[in-house]
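As structure tokens, the structure follows; a few thoughts come after it.
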Amino acid sequence: MIICDEDGGRARVVLPGALDTAVAAPLKEALMAALERGLPVVVDASDVSRLSTACIQVLIAGGRAVADAGRQFIVVRPSEALVAAFDDMGLFPVMMKWKIET
Amino acid sequence: MNELDQFKQTYFQECEELLVDLEETLLALQADGGDSEALHAAFRATHSIKGGAGAFGFDRLVAFAHTFETILDLMRDHTLEASPENVGLALQAADVLADLARAARTGEDPPEGHETVIAAALNTLGGLDPMAADDDDDDFDDLFAPVPVVADPEPVVPAAAPGSDGPVAYTITLVPHADMLRRGSEPLLLLRELKALGAVTARADLARLPDLAALEPEDAYLSWTIEVITDAGRAAVEEVFDFAGDDCDLTITAAGETVESEAPETVVAPEPEPPPAPAPKPAPQPAPVPQPAPVPKPALDAKPAAAAAADGTATAKASSMRVDTSKLDSMVNMVGELVITQAMLMQQSQGSEADELQRGLAELQQHTRDLQEGVMAMRAQPVKTVFSRIPRLVRELATQTGKRIRLETTGEATEIDTTVVEQLGDPLTHMIRNAADHGLETPEERIAAGKPAEGVIHLSAGHRGGRILIQIRDDGRGINRQKVLKKAVEKGLVAPDAALTDEEIDNLVFLPGFSTADEVSNLSGRGVGMDVVMRNIQNMGGRVSIQSKPGQGACISLSLPLTLAVLDGMIVGVGAQSFVVPLTNIVESLRPLAKDLHPVAGSNDRSVLAIRGEYIPVEHLSRLLNIPGAIEDPAQALVLIAETEGGGKVGLVVDEILGQQQVVIKSLEENFGRVDGVAAATILGSGQVALIVDVMGLKSLGGAPHRADAAGRGLAFG
């Protein structure tokens with residue numbers, strides 16, 4: 001279950017622990033919904049313990065869509081698993097382009 | 001320090017090394033024309049700098065490195081000629097790259113537009129769209145799209161031939177079919193399996209990733225170029241993709257091979273595909289239909305010679321490691337303590353009859369010394385690390401001053417202690433600036449003086465009598481002694497009637513606040529004078545001296561200790577105290593005959609010692625350092641003849657010689673403060689603290705009357 005709400009003037013998406021391939025579709029929907037709020041988008045990644053390429057692609061596309069809309073894409077408390085996955089896939093530079101809040 | 005800071009620090013260290021390599025490679029290119037391996041090396045260095053910079057979000061660095069590497073890429077595939085002009089521009093670009101890297105390190109932004117001129121020149125050269133180099137913050141693709149990695153047939157990392165024993169670098173391109181993820185193959189896992197084989201560098205290509213709205217959540221869009229360096233062999237690498245081979249286009253190339261023709265079509269498009277295009281829907285692929293074997297077999301005739309050479313590189317890489325200097329420092333410290341303990345044991349065992357014990361102690365002494373040398377060798381690095389920054393400086397100075405300057409260096413391989421290397425950079429830079437700014441003449445002046453238009457600055461390093469001698473020699477106009485003396489008198493640094501030798505006048509430039517530039521120039525006259533150089537070098541236990549011949553040039557010599565940790569010293573007694581005199585200073589020691597001692601005219605207690613037709617000034621250590629109870633008559637005491645870097649000698653009067661031993665240097669500055677005439681302190685075998693005498697500093701303490709002012713500031717004259 002992906003929580004998508006508003007929190008302190010920011011659209012918030014809370015990622016579940018397992019970002020398996022099957023989660024990519026709901027994740028996309030959640031990000032689209034967050035994008036529609038017209039606010040900076042915050043992705044809470046503190047619980048993420050498992051990732052898939054599919055979800056990573058969605059996150060990157062989401063980040064880009066938010067940036068293209070001229071708003072900030074913020075990842076809050078990225079878990080070690082998330083950082084490691086991005087790193088292993090040669091995507092750490094992409095991640096470093098996001099605003100990271102710890 | 002958090003983890004990210006540590007990564008950054010490592011990155012910057014590597015960056016420094018890469019920049020040095022880059023410059024050397026380009027200089028070599030400039031010297032001997034286009035060698036494709038050199039261009040590859042230059043490209044790789046720039047590319048690595050860019051990669052790391054991207055990871056840490058140094059946008060300006062990334063943008064510039066990208067432009068630069070594009071040009072290098074064009075040069076290496078011969079689209080662009082590696083002509084002297086183009087390589088010259090590349091050198092300038094390397095300088096700018098270094099500036100940006102340094103700025104990223106310090107967090108100080110270089111002036112806005114610092115790189116614009118060179119970047120524009122590069123763009124023009126490569127016929128590039130300048131906008132493409134403008135790295136937009138939000139443009140993720142820009143980071144990754146630029147390098148057509150797959151189309152690059154050259155190995156990115158040197159490596160051995162397949163089948164040889166050393167580690168081999170494989171370049172793998174992994175381009176998933178759209179339905180790869182749905183079919184249960186997970187690139188993340190493949191990458192992690194590869195990681196288990198060896199060092200992996202993955203570069204993701206985002207060019208195919210559509211907009212979020214158009215994205216099919218379970219389609220695969222990303223693709224990768226992966227370099228893995230492993231000694232597990234090709235079979236192990238292939239095995240990783242055993243179950244995924246049908247779900248992606250895959251090539252595995254060992255360095256040295258070329259990609260076979262059946263490799264998939266080039267996949268890295270420089271521009272993202274138009275997003276709304278029918279996303280590569282999982283066009284229901286008929287299950288494992290025979291597909292052209294995606295994995296090219298190792299070429300059997302892989303060039304053995306090149307491979308063997310590359311093998312060496314790969315092995316060498318694996319056999320060195322980075323160690324934090326502080327760890328080495330604490331090791332040096334421990335060895336120092338060991339040396340002291342060993343000295344104490346030696347002392348306590350003296351007079352003991354036990355042969356076994358004596359033999360054991362002698363061995364201990366030998367091993368301790370070996371251990372110490374080993375640790376010192378670990379800390380040593382070639383002076384090249386410092387020298388390598390100079391060519392760029394000289395290029396800049398030549399541009400700024402409009403002078404023609406050639407830099408010659410010798411002895412770059414001379415090894416010196418890391419701490420010395422670290423502290424040498426600034427003084428050296430300053431002295432080179434001085435030589436270029438004040439020493440060398442303009443081409444017109446040189447021609448008028450009958451010299452070649454091009455001035456030469458010669459930088460050399462070498463070992464000399466247990467110390468490192470670094471010399472900066474120029475063939476310029478030399479020191480204008482009249483001007484120097486006039487200035488010194490004006491500033492009240494020297495009495496108007498003082499009779500100074502030429503050498504003494506030359507050395508006046510080291511007095512604090514001294515500057516001969518009529519106007520403060522942009523280069524060397526920024527209120528920081530040679531006195532600062534002098535102080536820096538002295539703080540390292542080194543000395544500076546200058547020799548000048550009017551019209552022929554000047555030579556500044558820096559004499560530095562090999563190490564800042566230990567020295568061989570002679571223990572002498574003066575009054576009730578013990579002192580250590582560095583053995584490297586001592587030429588001989590003797591008890592003079594009264595007839596050889598001659599009083600100096602006009603001075604009641606000064607004398608010179610006549611020895612083998614030479615007159616040597618005699619100084620009493622007790623008087624210089626105010627030690628009571630010492631022997632006053634040199635003929636009753638001992639005289640150590642000490643040599644100074646300038647070649648001069650001085651006779652030091654001490655009461656007795658107590659022995660000779662290796663002592664561990666404990667900095668006085670760090671623990672107490674600077675004392676003129678004293679270089680440092682040590683702990684003797686008896687546990688007693690003894691001061692290590694700074695012979696050169698002593699000479700200034702007892703200097704001639706007109707130097708009283710200088711003496712107060714702890715200046716040494718060589």
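The chains in the structure tokens are called A, B, ... from first to last as shown; in each chain the residues are counted from 1, and the ligands are counted from 1 in the order shown.
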
Quiz prompt | For B:Thr79: contacts at 12 Å, only C-alpha atoms, fewer than 3 positions along chain excluded, given as a list in words | solution =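 Skipping anything fewer than 3 positions along the chain leaves Thr70, Ile71, Leu72, Asp73, Leu74, Met75, Arg76, Ala82, Ser83, Leu125, Gly126 and Gly127 of chain B.
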
Exercise. Pull out every residue of chain B sitting within 8 Å of chain A, counting only C-alpha atoms, and send them as a VMD selection string.
Key: chain B and resid 54 to 57 137 to 140 181 to 182 186 to 188 191 to 192 201 to 204 209 to 213 215 to 222

Quiz item: chain A: which residues are alpha helix (DSSP H) by DSSP, as a PyMOL selection string?
Solution: chain A and resi 24-36+53-68+80-88+92-96

Quiz prompt | Selected residue of minimal separation from B:Pro592 among B:Val574, B:Ile616, B:Cys555, B:Val532, counting only C-alpha atoms | solution =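 The shortest atom-to-atom distance to B:Pro592 comes from B:Ile616.
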
Exercise. Compile the contact shell of A:Val42 as a VMD selection string: residues with an atom at most 9 Å away, counting only C-alpha atoms, same-chain residues fewer than 3 positions apart removed.
Key: chain A and resid 7 10 to 14 34 72 to 76

Exercise. Go through chain A and collect every residue that DSSP, computed from the backbone, puts in strand (DSSP E); the answer should be as an MDAnalysis selection string.
Key: chainID A and resid 3:7 10:14 18:19 41:44 50:51 73:76 99:101

Self-check item: Contacts of B:Val200 at 7 Å (only C-alpha atoms; same-chain gap of 5+ positions) as a list in words
Solution: Lys195, Ile226, Glu227, Val228 and Ile229 of chain B

Exercise. May I have the residues within 10 Å of B:Lys595 as a ChimeraX atom specification, using only C-alpha atoms and disregarding those fewer than 5 positions away in the same chain?
Key: /B:609-610,635

Practice problem: Would you list the contacts of A:Ser46 as a ChimeraX atom specification, taking every protein, DNA or RNA residue within 6 Å and counting only C-alpha atoms, but skipping same-chain residues closer than 3 positions in sequence? | Solution: /A:77-79

Quiz prompt | Interatomic distance, atom CA of B:Ala380 to atom CA of B:Arg322 (Å, one decimal) | solution =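 Interatomic distance here is 13.6 Å.
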
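Using only C-alpha atoms, the smallest distance between any of B:Val678, B:Val587, B:Ala435, B:Ala354 and B:Gly648 comes from B:Val587.
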